[in-house]
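Trainee: protein_11.csv is reproduced in full below (CSV, C-alpha atoms).
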```csv
chain,number,residue,atom,x,y,z
C,20,MET,CA,-44.6,18.7,-19.1
C,21,LYS,CA,-46.3,15.8,-20.8
C,22,SER,CA,-49.4,16.6,-22.9
C,23,PRO,CA,-52.5,14.3,-22.9
C,24,SER,CA,-53.3,12.6,-26.2
C,25,ILE,CA,-56.8,12.5,-27.8
C,26,HIS,CA,-57.2,9.1,-26.1
C,27,ALA,CA,-56.4,10.5,-22.7
C,28,LEU,CA,-58.7,13.5,-23.1
C,29,ALA,CA,-61.4,11.0,-24.1
C,30,TRP,CA,-60.9,9.0,-20.9
C,31,LEU,CA,-61.0,12.0,-18.7
C,32,ALA,CA,-64.7,12.3,-19.7
C,33,ALA,CA,-65.5,8.7,-18.8
C,34,ILE,CA,-63.9,8.0,-15.5
C,35,ALA,CA,-66.0,7.5,-12.7
C,36,MET,CA,-69.3,11.0,-12.7
C,37,PRO,CA,-68.9,14.3,-12.0
C,38,THR,CA,-72.9,17.3,-12.3
C,39,VAL,CA,-71.5,15.6,-12.1
C,40,ALA,CA,-71.5,15.4,-15.6
C,41,SER,CA,-69.0,12.2,-22.3
C,42,ALA,CA,-66.9,13.5,-25.2
C,43,GLU,CA,-63.2,13.6,-24.6
C,44,ILE,CA,-63.4,16.2,-21.8
C,45,PRO,CA,-64.3,15.9,-18.1
C,46,SER,CA,-67.8,17.3,-18.4
C,47,SER,CA,-71.0,15.5,-18.5
C,48,THR,CA,-69.9,12.0,-17.6
C,49,GLN,CA,-68.0,13.2,-14.6
C,50,GLY,CA,-70.7,15.7,-14.0
C,51,GLY,CA,-73.0,12.8,-13.3
C,52,PHE,CA,-70.4,10.9,-11.3
C,53,LEU,CA,-67.6,12.9,-9.6
C,54,GLY,CA,-69.5,16.1,-10.2
C,55,LEU,CA,-66.9,17.6,-12.5
C,56,GLY,CA,-68.3,20.1,-14.9
C,57,HIS,CA,-71.2,21.0,-12.7
C,58,GLN,CA,-73.5,20.7,-15.7
C,59,LEU,CA,-76.9,20.1,-14.0
C,60,PRO,CA,-78.3,22.1,-11.1
C,61,ALA,CA,-79.5,20.1,-8.2
C,62,ALA,CA,-83.0,21.0,-7.0
C,63,GLU,CA,-81.9,21.1,-3.3
C,64,ASN,CA,-79.4,23.8,-4.1
C,65,TYR,CA,-82.3,26.2,-5.1
C,66,GLN,CA,-84.4,26.2,-2.0
C,67,ASP,CA,-84.1,30.0,-1.8
C,68,VAL,CA,-85.7,30.2,-5.3
C,69,LYS,CA,-88.5,27.9,-4.0
C,70,GLN,CA,-89.5,30.5,-1.4
C,71,SER,CA,-87.6,29.0,1.4
C,72,SER,CA,-89.4,25.6,1.3
C,73,ASP,CA,-88.5,23.5,4.3
C,74,TYR,CA,-89.6,20.1,5.5
C,75,THR,CA,-90.5,19.1,9.1
C,76,PRO,CA,-88.2,16.6,10.8
C,77,PHE,CA,-88.5,13.0,9.6
C,78,SER,CA,-90.4,10.5,11.6
C,79,PRO,CA,-91.4,6.8,10.8
C,80,SER,CA,-95.1,7.6,10.7
C,81,ASP,CA,-94.8,10.4,8.1
C,82,SER,CA,-95.6,8.0,5.3
C,83,ASP,CA,-99.2,7.9,6.6
C,84,LEU,CA,-99.5,11.6,6.8
C,85,GLY,CA,-97.9,12.7,3.5
C,86,VAL,CA,-95.2,15.2,2.9
C,87,GLN,CA,-95.3,18.0,5.5
C,88,GLU,CA,-94.1,21.1,3.6
C,89,ILE,CA,-94.1,24.5,5.3
C,90,LEU,CA,-93.9,27.6,3.0
C,91,SER,CA,-92.7,31.0,4.2
C,92,PRO,CA,-92.1,34.2,2.2
C,93,TYR,CA,-88.6,34.7,1.0
C,94,SER,CA,-86.7,37.6,2.6
C,95,GLY,CA,-83.2,38.8,2.9
C,96,ARG,CA,-80.4,38.8,0.4
C,97,SER,CA,-79.4,35.7,-1.6
C,98,PRO,CA,-76.5,34.0,0.1
C,99,VAL,CA,-73.1,33.1,-1.4
C,100,VAL,CA,-72.6,29.4,-1.2
C,101,VAL,CA,-69.0,28.2,-0.8
C,102,ASP,CA,-68.3,24.4,-1.1
C,103,PHE,CA,-65.1,22.4,-0.5
C,104,SER,CA,-64.8,18.7,-0.9
C,105,THR,CA,-62.1,16.0,-1.2
C,106,ALA,CA,-62.3,12.3,-2.1
C,107,PHE,CA,-60.1,9.2,-2.6
C,108,TYR,CA,-61.1,6.8,-5.3
C,109,ARG,CA,-59.9,3.6,-6.9
C,110,THR,CA,-60.5,3.4,-10.7
C,111,ASP,CA,-59.9,0.4,-13.0
C,112,ASN,CA,-59.0,2.5,-16.0
C,113,ALA,CA,-56.8,5.6,-15.5
C,114,PRO,CA,-56.1,7.9,-18.5
C,115,SER,CA,-52.7,7.6,-20.2
C,116,ALA,CA,-51.2,8.2,-23.7
C,117,THR,CA,-52.9,5.1,-25.3
C,118,ALA,CA,-55.5,2.5,-24.4
C,119,ALA,CA,-52.8,-0.1,-24.1
C,120,THR,CA,-51.2,1.7,-21.2
C,121,ASP,CA,-54.4,2.4,-19.2
C,122,GLU,CA,-54.2,0.7,-15.9
C,123,PRO,CA,-55.9,0.7,-12.5
C,124,ALA,CA,-54.9,3.5,-10.1
C,125,TRP,CA,-55.7,5.4,-7.0
C,126,MET,CA,-56.9,9.0,-7.5
C,127,TRP,CA,-57.4,12.0,-5.3
C,128,LEU,CA,-60.0,14.6,-6.1
C,129,CYS,CA,-60.2,18.1,-4.6
C,130,ARG,CA,-62.9,20.5,-5.5
C,131,GLY,CA,-63.9,24.1,-4.6
C,132,SER,CA,-66.8,26.1,-5.8
C,133,VAL,CA,-68.5,29.5,-5.2
C,134,ALA,CA,-72.1,30.1,-6.2
C,135,TRP,CA,-74.5,33.1,-6.0
C,136,ARG,CA,-78.2,33.2,-7.0
C,137,PRO,CA,-79.6,36.7,-6.5
C,138,ARG,CA,-83.3,37.5,-7.2
C,139,ILE,CA,-83.8,39.3,-10.5
C,140,ALA,CA,-87.5,39.9,-11.2
C,141,GLY,CA,-90.7,38.1,-12.1
C,142,GLY,CA,-89.6,35.0,-10.2
C,143,TRP,CA,-86.3,34.7,-12.0
C,144,PHE,CA,-83.0,34.3,-10.2
C,145,GLY,CA,-79.5,34.8,-11.4
C,146,ASP,CA,-77.1,31.8,-11.3
C,147,PHE,CA,-73.4,32.6,-11.1
C,148,ALA,CA,-70.7,30.0,-10.2
C,149,LEU,CA,-67.0,29.5,-10.3
C,150,TYR,CA,-65.4,26.1,-9.7
C,151,GLN,CA,-62.1,24.3,-9.7
C,152,ASP,CA,-61.4,20.6,-9.7
C,153,ILE,CA,-58.0,19.0,-9.2
C,154,VAL,CA,-57.4,15.3,-9.9
C,155,ARG,CA,-54.1,13.4,-9.1
C,156,PHE,CA,-53.2,9.7,-9.7
C,157,ASP,CA,-50.7,7.6,-8.0
C,158,ASN,CA,-49.7,5.9,-11.4
C,159,SER,CA,-46.9,7.8,-13.1
C,160,SER,CA,-48.3,6.9,-16.6
C,161,ALA,CA,-51.7,8.5,-15.8
C,162,PHE,CA,-52.4,12.1,-16.6
C,163,ASP,CA,-53.1,14.4,-13.7
C,164,TYR,CA,-55.4,17.2,-14.6
C,165,GLU,CA,-57.4,20.2,-13.5
C,166,ASN,CA,-60.9,21.3,-14.6
C,167,THR,CA,-61.9,25.0,-14.3
C,168,GLY,CA,-65.2,26.5,-15.1
C,169,VAL,CA,-67.4,29.6,-14.9
C,170,THR,CA,-71.2,29.7,-15.4
C,171,ILE,CA,-73.5,32.6,-15.8
C,172,GLY,CA,-77.2,32.1,-16.1
C,173,VAL,CA,-80.7,32.2,-14.8
C,174,VAL,CA,-83.0,29.7,-13.1
C,175,LYS,CA,-86.7,29.6,-12.1
C,176,PHE,CA,-89.1,27.2,-10.4
C,177,ILE,CA,-92.6,27.5,-12.0
C,178,PRO,CA,-95.2,26.9,-9.3
C,179,GLN,CA,-98.0,26.6,-11.9
C,180,LEU,CA,-96.2,23.5,-13.2
C,181,ASP,CA,-95.7,21.9,-9.8
C,182,ASP,CA,-92.3,23.5,-9.3
C,183,LEU,CA,-90.8,22.7,-12.6
C,184,LEU,CA,-87.2,24.0,-12.6
C,185,VAL,CA,-86.0,25.6,-15.8
C,186,PHE,CA,-82.5,27.1,-16.4
C,187,GLY,CA,-80.3,28.5,-19.0
C,188,ARG,CA,-76.7,29.5,-18.8
C,189,TYR,CA,-73.4,30.3,-20.5
C,190,GLU,CA,-70.5,28.0,-19.6
C,191,TYR,CA,-66.8,28.4,-19.9
C,192,GLN,CA,-64.7,25.2,-19.3
C,193,ARG,CA,-60.9,24.8,-19.3
C,194,VAL,CA,-58.9,21.6,-18.8
C,195,THR,CA,-55.2,21.5,-18.0
C,196,SER,CA,-52.9,18.6,-17.3
C,197,GLY,CA,-50.8,19.1,-14.3
C,198,SER,CA,-50.3,22.9,-14.8
C,199,LEU,CA,-53.0,25.6,-14.5
C,200,SER,CA,-51.0,27.8,-16.9
C,201,ASP,CA,-51.1,25.4,-19.9
C,202,SER,CA,-54.5,24.7,-21.4
C,203,ASP,CA,-55.1,21.4,-23.2
C,204,TYR,CA,-58.8,22.1,-23.9
C,205,TRP,CA,-61.2,24.9,-23.5
C,206,ALA,CA,-64.8,25.5,-24.7
C,207,GLN,CA,-67.6,28.0,-24.5
C,208,ARG,CA,-71.2,26.8,-24.7
C,209,ILE,CA,-74.8,27.6,-24.0
C,210,ARG,CA,-76.9,25.1,-21.9
C,211,LEU,CA,-80.7,25.0,-21.5
C,212,GLY,CA,-82.6,22.5,-19.4
C,213,ALA,CA,-85.5,21.6,-17.2
C,214,GLN,CA,-85.8,19.4,-14.1
C,215,LYS,CA,-88.8,18.1,-12.2
C,216,THR,CA,-89.3,16.2,-9.0
C,217,VAL,CA,-92.0,13.8,-10.0
C,218,PHE,CA,-92.4,12.0,-6.7
C,219,ALA,CA,-91.6,13.1,-3.2
C,220,SER,CA,-92.4,11.6,0.3
C,221,PRO,CA,-90.6,11.7,3.6
C,222,ARG,CA,-88.4,8.7,2.5
C,223,HIS,CA,-88.4,8.8,-1.3
C,224,GLU,CA,-87.6,11.4,-4.0
C,225,LEU,CA,-87.5,10.8,-7.7
C,226,THR,CA,-86.3,13.6,-10.1
C,227,LEU,CA,-86.2,13.6,-13.9
C,228,GLY,CA,-84.3,16.1,-16.1
C,229,THR,CA,-83.3,17.0,-19.6
C,230,ASP,CA,-80.8,19.5,-21.1
C,231,VAL,CA,-79.1,20.5,-24.3
C,232,ALA,CA,-75.8,22.2,-24.7
C,233,PHE,CA,-74.3,23.9,-27.8
C,234,ASP,CA,-70.6,24.7,-28.1
C,235,PHE,CA,-70.0,27.9,-30.1
C,236,THR,CA,-66.2,27.6,-29.8
C,237,ALA,CA,-63.7,25.0,-28.6
C,238,LYS,CA,-60.0,24.2,-28.8
C,239,PRO,CA,-59.0,21.7,-30.2
C,240,ASN,CA,-61.6,22.5,-32.9
C,241,ASN,CA,-62.4,18.8,-33.4
C,242,LEU,CA,-63.9,18.6,-29.9
C,243,GLU,CA,-66.6,21.2,-30.6
C,244,ARG,CA,-69.9,19.4,-30.2
C,245,ASN,CA,-73.6,19.6,-29.2
C,246,GLU,CA,-75.0,17.5,-26.3
C,247,TYR,CA,-78.6,16.2,-25.8
C,248,ALA,CA,-79.2,14.5,-22.5
C,249,LEU,CA,-81.7,12.8,-20.2
C,250,SER,CA,-81.1,12.2,-16.5
C,251,THR,CA,-82.8,10.8,-13.4
C,252,SER,CA,-82.0,10.6,-9.7
C,253,TYR,CA,-83.6,8.7,-6.9
C,254,ARG,CA,-83.0,9.4,-3.2
C,255,TYR,CA,-84.0,7.1,-0.3
C,256,PHE,CA,-83.8,8.7,3.2
C,257,PHE,CA,-82.9,6.3,6.0
C,258,ALA,CA,-83.0,9.2,8.4
C,259,ASP,CA,-82.9,13.0,8.3
C,260,ASN,CA,-79.2,13.1,7.8
C,261,LEU,CA,-78.5,9.8,6.0
C,262,TYR,CA,-79.7,8.9,2.5
C,263,SER,CA,-78.7,7.0,-0.6
C,264,LEU,CA,-78.6,8.6,-4.1
C,265,ALA,CA,-78.8,6.7,-7.4
C,266,THR,CA,-78.3,8.6,-10.6
C,267,TRP,CA,-78.3,7.8,-14.3
C,268,ARG,CA,-77.5,10.1,-17.3
C,269,LEU,CA,-77.7,9.3,-21.0
C,270,SER,CA,-76.0,11.8,-23.4
C,271,ARG,CA,-75.7,12.0,-27.2
C,272,PHE,CA,-72.8,14.1,-28.5
C,273,ASP,CA,-72.8,15.3,-32.1
C,274,PHE,CA,-69.4,16.6,-33.2
C,275,ASP,CA,-68.5,18.7,-36.2
C,276,GLY,CA,-68.1,16.2,-38.9
C,277,ASP,CA,-69.5,12.6,-38.9
C,278,ARG,CA,-68.7,11.6,-35.3
C,279,HIS,CA,-71.5,10.7,-32.8
C,280,ASP,CA,-71.1,9.4,-29.3
C,281,TRP,CA,-73.5,7.9,-26.7
C,282,THR,CA,-72.5,8.1,-23.1
C,283,ASN,CA,-74.0,6.3,-20.1
C,284,ALA,CA,-73.2,7.5,-16.6
C,285,VAL,CA,-74.5,5.6,-13.5
C,286,SER,CA,-73.7,6.2,-9.8
C,287,LEU,CA,-74.8,5.0,-6.4
C,288,GLU,CA,-73.8,6.9,-3.2
C,289,LEU,CA,-74.5,6.8,0.5
C,290,ILE,CA,-74.3,10.3,2.0
C,291,TRP,CA,-74.2,11.2,5.7
C,292,GLN,CA,-74.9,14.8,6.5
C,293,PHE,CA,-73.4,14.6,10.0
C,294,THR,CA,-73.7,18.4,10.6
C,295,LYS,CA,-75.6,21.2,8.9
C,296,ASP,CA,-72.5,22.1,6.9
C,297,ALA,CA,-70.4,18.9,6.7
C,298,ARG,CA,-71.0,15.6,4.9
C,299,ALA,CA,-69.3,12.3,4.2
C,300,SER,CA,-70.0,9.8,1.3
C,301,LEU,CA,-69.3,6.3,0.1
C,302,SER,CA,-69.6,6.1,-3.7
C,303,VAL,CA,-69.5,3.7,-6.7
C,304,PHE,CA,-69.5,5.0,-10.3
C,305,TYR,CA,-69.6,3.5,-13.8
C,306,GLY,CA,-69.3,5.3,-17.1
C,307,ASP,CA,-69.0,4.2,-20.7
C,308,ASN,CA,-68.7,5.9,-24.0
C,309,ASN,CA,-69.6,4.4,-27.4
C,310,SER,CA,-68.5,6.3,-30.5
C,311,ASN,CA,-68.8,5.6,-34.2
C,312,THR,CA,-65.1,6.5,-34.7
C,313,PHE,CA,-62.8,4.1,-36.6
C,314,SER,CA,-61.4,1.1,-34.6
C,315,ASP,CA,-63.3,2.1,-31.5
C,316,LEU,CA,-60.7,4.8,-30.9
C,317,ASN,CA,-63.0,6.8,-28.6
C,318,ASP,CA,-64.8,3.9,-26.8
C,319,TYR,CA,-64.0,3.6,-23.1
C,320,ALA,CA,-65.4,2.4,-19.8
C,321,ALA,CA,-64.5,2.7,-16.2
C,322,TRP,CA,-65.5,1.7,-12.7
C,323,THR,CA,-64.6,3.9,-9.8
C,324,GLY,CA,-65.3,3.8,-6.1
C,325,GLY,CA,-64.2,5.3,-2.8
C,326,ILE,CA,-64.9,7.7,0.0
C,327,GLY,CA,-65.3,11.5,0.2
C,328,ALA,CA,-66.0,14.4,2.5
C,329,GLY,CA,-67.1,18.0,2.1
C,330,VAL,CA,-68.3,21.2,3.7
C,331,SER,CA,-70.6,24.0,2.5
C,332,PHE,CA,-71.0,27.5,3.9
C,333,LEU,CA,-73.5,30.3,3.3
C,334,PHE,CA,-72.4,33.9,3.6
```
Starting from the file, lay out its structure as structure tokens.

Mentor:
Amino acid sequence: MKSPSIHALAWLAAIAMPTVASAEIPSSTQGGFLGLGHQLPAAENYQDVKQSSDYTPFSPSDSDLGVQEILSPYSGRSPVVVDFSTAFYRTDNAPSATAATDEPAWMWLCRGSVAWRPRIAGGWFGDFALYQDIVRFDNSSAFDYENTGVTIGVVKFIPQLDDLLVFGRYEYQRVTSGSLSDSDYWAQRIRLGAQKTVFASPRHELTLGTDVAFDFTAKPNNLERNEYALSTSYRYFFADNLYSLATWRLSRFDFDGDRHDWTNAVSLELIWQFTKDARASLSVFYGDNNSNTFSDLNDYAAWTGGIGAGVSFLF
């Protein structure tokens, strides 16, 4: 089995986001684009923590009346959320052994995740998740890979601060190239962050966030790093079940040694929630990484776009 070079590992972080959700691994940059890495919690995934907050159905005159939010006491057990999705994308810069052999390619993404957020005490909820991403390219020179992760943490909405979301968690991430048994990269880290919906109306929603992550072990050792990030997302609802989502994430990575990277991740998606559990999407992503390494070795950029579909179930 061929093993990815440092260059290829660098590219795997930049294609796109995925969470998604950088620095030579498919984490934060893809986390913001394709969702790989699942680095940032999305506020809509924590409605059970927000005391089962629901919105009345959308109507064109709602903008004159303001947001109609109905609160009801939380009851019952916290559900287990299972999500499956798949997508086909075209990228202009697929990862290979060297930058000279990077070429456009079609890619297939398959993702599965399981999440559980039980109530703990004092308004705090647990946050446990397991995810698996699989990426395959049609170009024989590109590196197929898998991204596996486990997260264990806590999350809370703070009503006194207008439902500010705060979270902290342990993350384990493992990247393999074409074989789940052979690890090319793994890391353990602690991530802390906050997220706030600063504006919400029946049609518009603007969310800002920040987070920091500290690796306490990584292999290869030269990929151990700290991350400091700012993010924003904007939703525009055309109807109850159809909306656009624009996201931007800026990250700085400080590695052991003198290396520093800046990563930008931007995405624009159109999402159709055609049933309660099923969705379809049309997406365009852009990611770039600027590093202070010699000869621009770890600089890269990629445009990616395509279609996807997914389902979510609560148990």

Trainee: Between CA of Ala124 (chain C) and CA of Leu301 (chain C), measure the distance and give it in Å to one decimal.

Mentor: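 Separation of CA of Ala124 (chain C) and CA of Leu301 (chain C): 17.9 Å.
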
Trainee: CA of Thr312 (chain C) to CA of Lys238 (chain C): how many Å, to one decimal?

Mentor: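 These two atoms are separated by 19.3 Å.
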
Trainee: Neighbouring residues of Ala297 (chain C) were defined as those with any atom within 10 Å, considering only C-alpha atoms; residues of the same chain fewer than 6 positions away were excluded. Please report them as a list in words.

Mentor: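 My list of contacting residues is Asp102, Phe103, Ser104, Trp291, Ala328, Gly329, Val330, Ser331 and Phe332 of chain C.
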
Trainee: Once you count only C-alpha atoms, which residues end up no further than 10 Å from (-80.3, 8.1, 7.2) in the file's frame, shown as an mmCIF file with C-alpha atoms, keeping the file's coordinate frame?

Mentor:
```cif
data_model
loop_
_atom_site.group_PDB
_atom_site.id
_atom_site.type_symbol
_atom_site.label_atom_id
_atom_site.label_comp_id
_atom_site.auth_asym_id
_atom_site.auth_seq_id
_atom_site.Cartn_x
_atom_site.Cartn_y
_atom_site.Cartn_z
ATOM 1 C CA PHE C 77 -88.500 13.000 9.600
ATOM 2 C CA ARG C 222 -88.400 8.700 2.500
ATOM 3 C CA TYR C 255 -84.000 7.100 -0.300
ATOM 4 C CA PHE C 256 -83.800 8.700 3.200
ATOM 5 C CA PHE C 257 -82.900 6.300 6.000
ATOM 6 C CA ALA C 258 -83.000 9.200 8.400
ATOM 7 C CA ASP C 259 -82.900 13.000 8.300
ATOM 8 C CA ASN C 260 -79.200 13.100 7.800
ATOM 9 C CA LEU C 261 -78.500 9.800 6.000
ATOM 10 C CA TYR C 262 -79.700 8.900 2.500
ATOM 11 C CA SER C 263 -78.700 7.000 -0.600
ATOM 12 C CA LEU C 289 -74.500 6.800 0.500
ATOM 13 C CA ILE C 290 -74.300 10.300 2.000
ATOM 14 C CA TRP C 291 -74.200 11.200 5.700
ATOM 15 C CA GLN C 292 -74.900 14.800 6.500
ATOM 16 C CA PHE C 293 -73.400 14.600 10.000
#
```

Trainee: Can you pull out every residue within 9 Å of Asp152 (chain C), counting all atoms listed in the file, but drop anything in the same chain fewer than 2 positions away, and send it as a PyMOL selection string?

Mentor: chain C and resi 55-56+128-132+150+154+164-168

Trainee: Could you save the residues just selected, with C-alpha atoms, as an mmCIF file, keeping the file's coordinate frame?

Mentor:
```cif
data_model
loop_
_atom_site.group_PDB
_atom_site.id
_atom_site.type_symbol
_atom_site.label_atom_id
_atom_site.label_comp_id
_atom_site.auth_asym_id
_atom_site.auth_seq_id
_atom_site.Cartn_x
_atom_site.Cartn_y
_atom_site.Cartn_z
ATOM 1 C CA LEU C 55 -66.900 17.600 -12.500
ATOM 2 C CA GLY C 56 -68.300 20.100 -14.900
ATOM 3 C CA LEU C 128 -60.000 14.600 -6.100
ATOM 4 C CA CYS C 129 -60.200 18.100 -4.600
ATOM 5 C CA ARG C 130 -62.900 20.500 -5.500
ATOM 6 C CA GLY C 131 -63.900 24.100 -4.600
ATOM 7 C CA SER C 132 -66.800 26.100 -5.800
ATOM 8 C CA TYR C 150 -65.400 26.100 -9.700
ATOM 9 C CA VAL C 154 -57.400 15.300 -9.900
ATOM 10 C CA TYR C 164 -55.400 17.200 -14.600
ATOM 11 C CA GLU C 165 -57.400 20.200 -13.500
ATOM 12 C CA ASN C 166 -60.900 21.300 -14.600
ATOM 13 C CA THR C 167 -61.900 25.000 -14.300
ATOM 14 C CA GLY C 168 -65.200 26.500 -15.100
#
```

Trainee: So that I can see what lies close to Leu333 (chain C), please list as a compact mmCIF listing (two decimals) with C-alpha atoms, keeping the file's coordinate frame the residues with an atom at most 10 Å from it, counting only C-alpha atoms and leaving out residues fewer than 4 positions away in the same chain.

Mentor:
```
# COMPACT_ATOMS: atom_id res chain seq x y z
CA SER C 97 -79.40 35.70 -1.60
CA PRO C 98 -76.50 34.00 0.10
CA VAL C 99 -73.10 33.10 -1.40
CA VAL C 100 -72.60 29.40 -1.20
CA VAL C 101 -69.00 28.20 -0.80
CA ASP C 102 -68.30 24.40 -1.10
CA VAL C 133 -68.50 29.50 -5.20
CA ALA C 134 -72.10 30.10 -6.20
CA TRP C 135 -74.50 33.10 -6.00
CA ASP C 296 -72.50 22.10 6.90
```

Trainee: Restricting the calculation to all atoms listed in the file, which member of C:Thr105, C:Thr170, C:Gln151, C:Asn241 is positioned closest to Thr195 (chain C)?

Mentor: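 That would be C:Gln151, the residue with the smallest distance to Thr195 (chain C).
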
Trainee: Quick one, how far is CA of Asn283 (chain C) from CA of Trp322 (chain C)?

Mentor: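 Here the two named atoms are 12.2 Å from each other.
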
Trainee: Could you tell me, as a count of residues only, which residues have any atom at most 10 Å from (-84.4, 34.8, -15.1), counting all atoms listed in the file?

Mentor: 16

Trainee: Kindly indicate which residue among C:Thr110, C:Asn245, C:Gln192, C:Thr236 lies nearest to Leu149 (chain C), using only C-alpha atoms for the distances.

Mentor: C:Gln192

Trainee: Which is closest to Phe176 (chain C) among C:Thr216, C:Leu264, C:Gly325, C:Pro221, if we use all atoms listed in the file?

Mentor: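 Of the candidates, the smallest distance to Phe176 (chain C) is held by C:Thr216.
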
Trainee: Starting from the block above, write region 119-136 of chain C out to a file with N, CA and C atoms, as a CSV table (one decimal), in the first residue's frame, please.

Mentor:
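Output below, filename selection-v3.csv:
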```csv
chain,number,residue,atom,x,y,z
C,119,ALA,N,3.7,18.7,-7.8
C,119,ALA,CA,3.8,18.6,-9.2
C,119,ALA,C,2.8,17.6,-9.8
C,120,THR,N,2.4,16.6,-9.0
C,120,THR,CA,1.5,15.6,-9.6
C,120,THR,C,0.0,15.8,-9.1
C,121,ASP,N,-0.2,16.8,-8.3
C,121,ASP,CA,-1.6,17.1,-7.9
C,121,ASP,C,-2.4,17.5,-9.2
C,122,GLU,N,-3.6,16.9,-9.4
C,122,GLU,CA,-4.4,17.1,-10.5
C,122,GLU,C,-5.9,17.2,-10.1
C,123,PRO,N,-6.7,17.7,-11.0
C,123,PRO,CA,-8.2,17.7,-10.8
C,123,PRO,C,-8.7,16.2,-10.7
C,124,ALA,N,-9.7,16.0,-9.9
C,124,ALA,CA,-10.2,14.6,-9.8
C,124,ALA,C,-11.7,14.7,-9.3
C,125,TRP,N,-12.4,13.6,-9.5
C,125,TRP,CA,-13.7,13.4,-8.9
C,125,TRP,C,-13.4,12.7,-7.6
C,126,MET,N,-14.3,13.0,-6.6
C,126,MET,CA,-14.1,12.3,-5.3
C,126,MET,C,-15.5,11.9,-4.7
C,127,TRP,N,-15.5,10.8,-4.0
C,127,TRP,CA,-16.7,10.3,-3.3
C,127,TRP,C,-16.4,10.4,-1.8
C,128,LEU,N,-17.4,11.0,-1.1
C,128,LEU,CA,-17.3,11.1,0.4
C,128,LEU,C,-18.4,10.3,1.0
C,129,CYS,N,-18.1,9.4,1.9
C,129,CYS,CA,-19.1,8.7,2.7
C,129,CYS,C,-18.9,9.0,4.2
C,130,ARG,N,-19.9,9.3,4.9
C,130,ARG,CA,-19.7,9.7,6.3
C,130,ARG,C,-20.8,9.0,7.2
C,131,GLY,N,-20.4,8.5,8.4
C,131,GLY,CA,-21.3,8.1,9.4
C,131,GLY,C,-20.9,8.6,10.7
C,132,SER,N,-21.9,8.9,11.6
C,132,SER,CA,-21.6,9.4,12.9
C,132,SER,C,-22.7,9.0,13.9
C,133,VAL,N,-22.4,8.8,15.1
C,133,VAL,CA,-23.3,8.6,16.2
C,133,VAL,C,-23.0,9.5,17.3
C,134,ALA,N,-24.0,10.2,17.9
C,134,ALA,CA,-23.8,11.2,18.9
C,134,ALA,C,-24.9,11.0,20.0
C,135,TRP,N,-24.4,11.3,21.3
C,135,TRP,CA,-25.4,11.2,22.4
C,135,TRP,C,-25.0,12.3,23.4
C,136,ARG,N,-26.0,13.1,23.8
C,136,ARG,CA,-25.9,14.2,24.7
C,136,ARG,C,-26.8,14.1,25.9
```
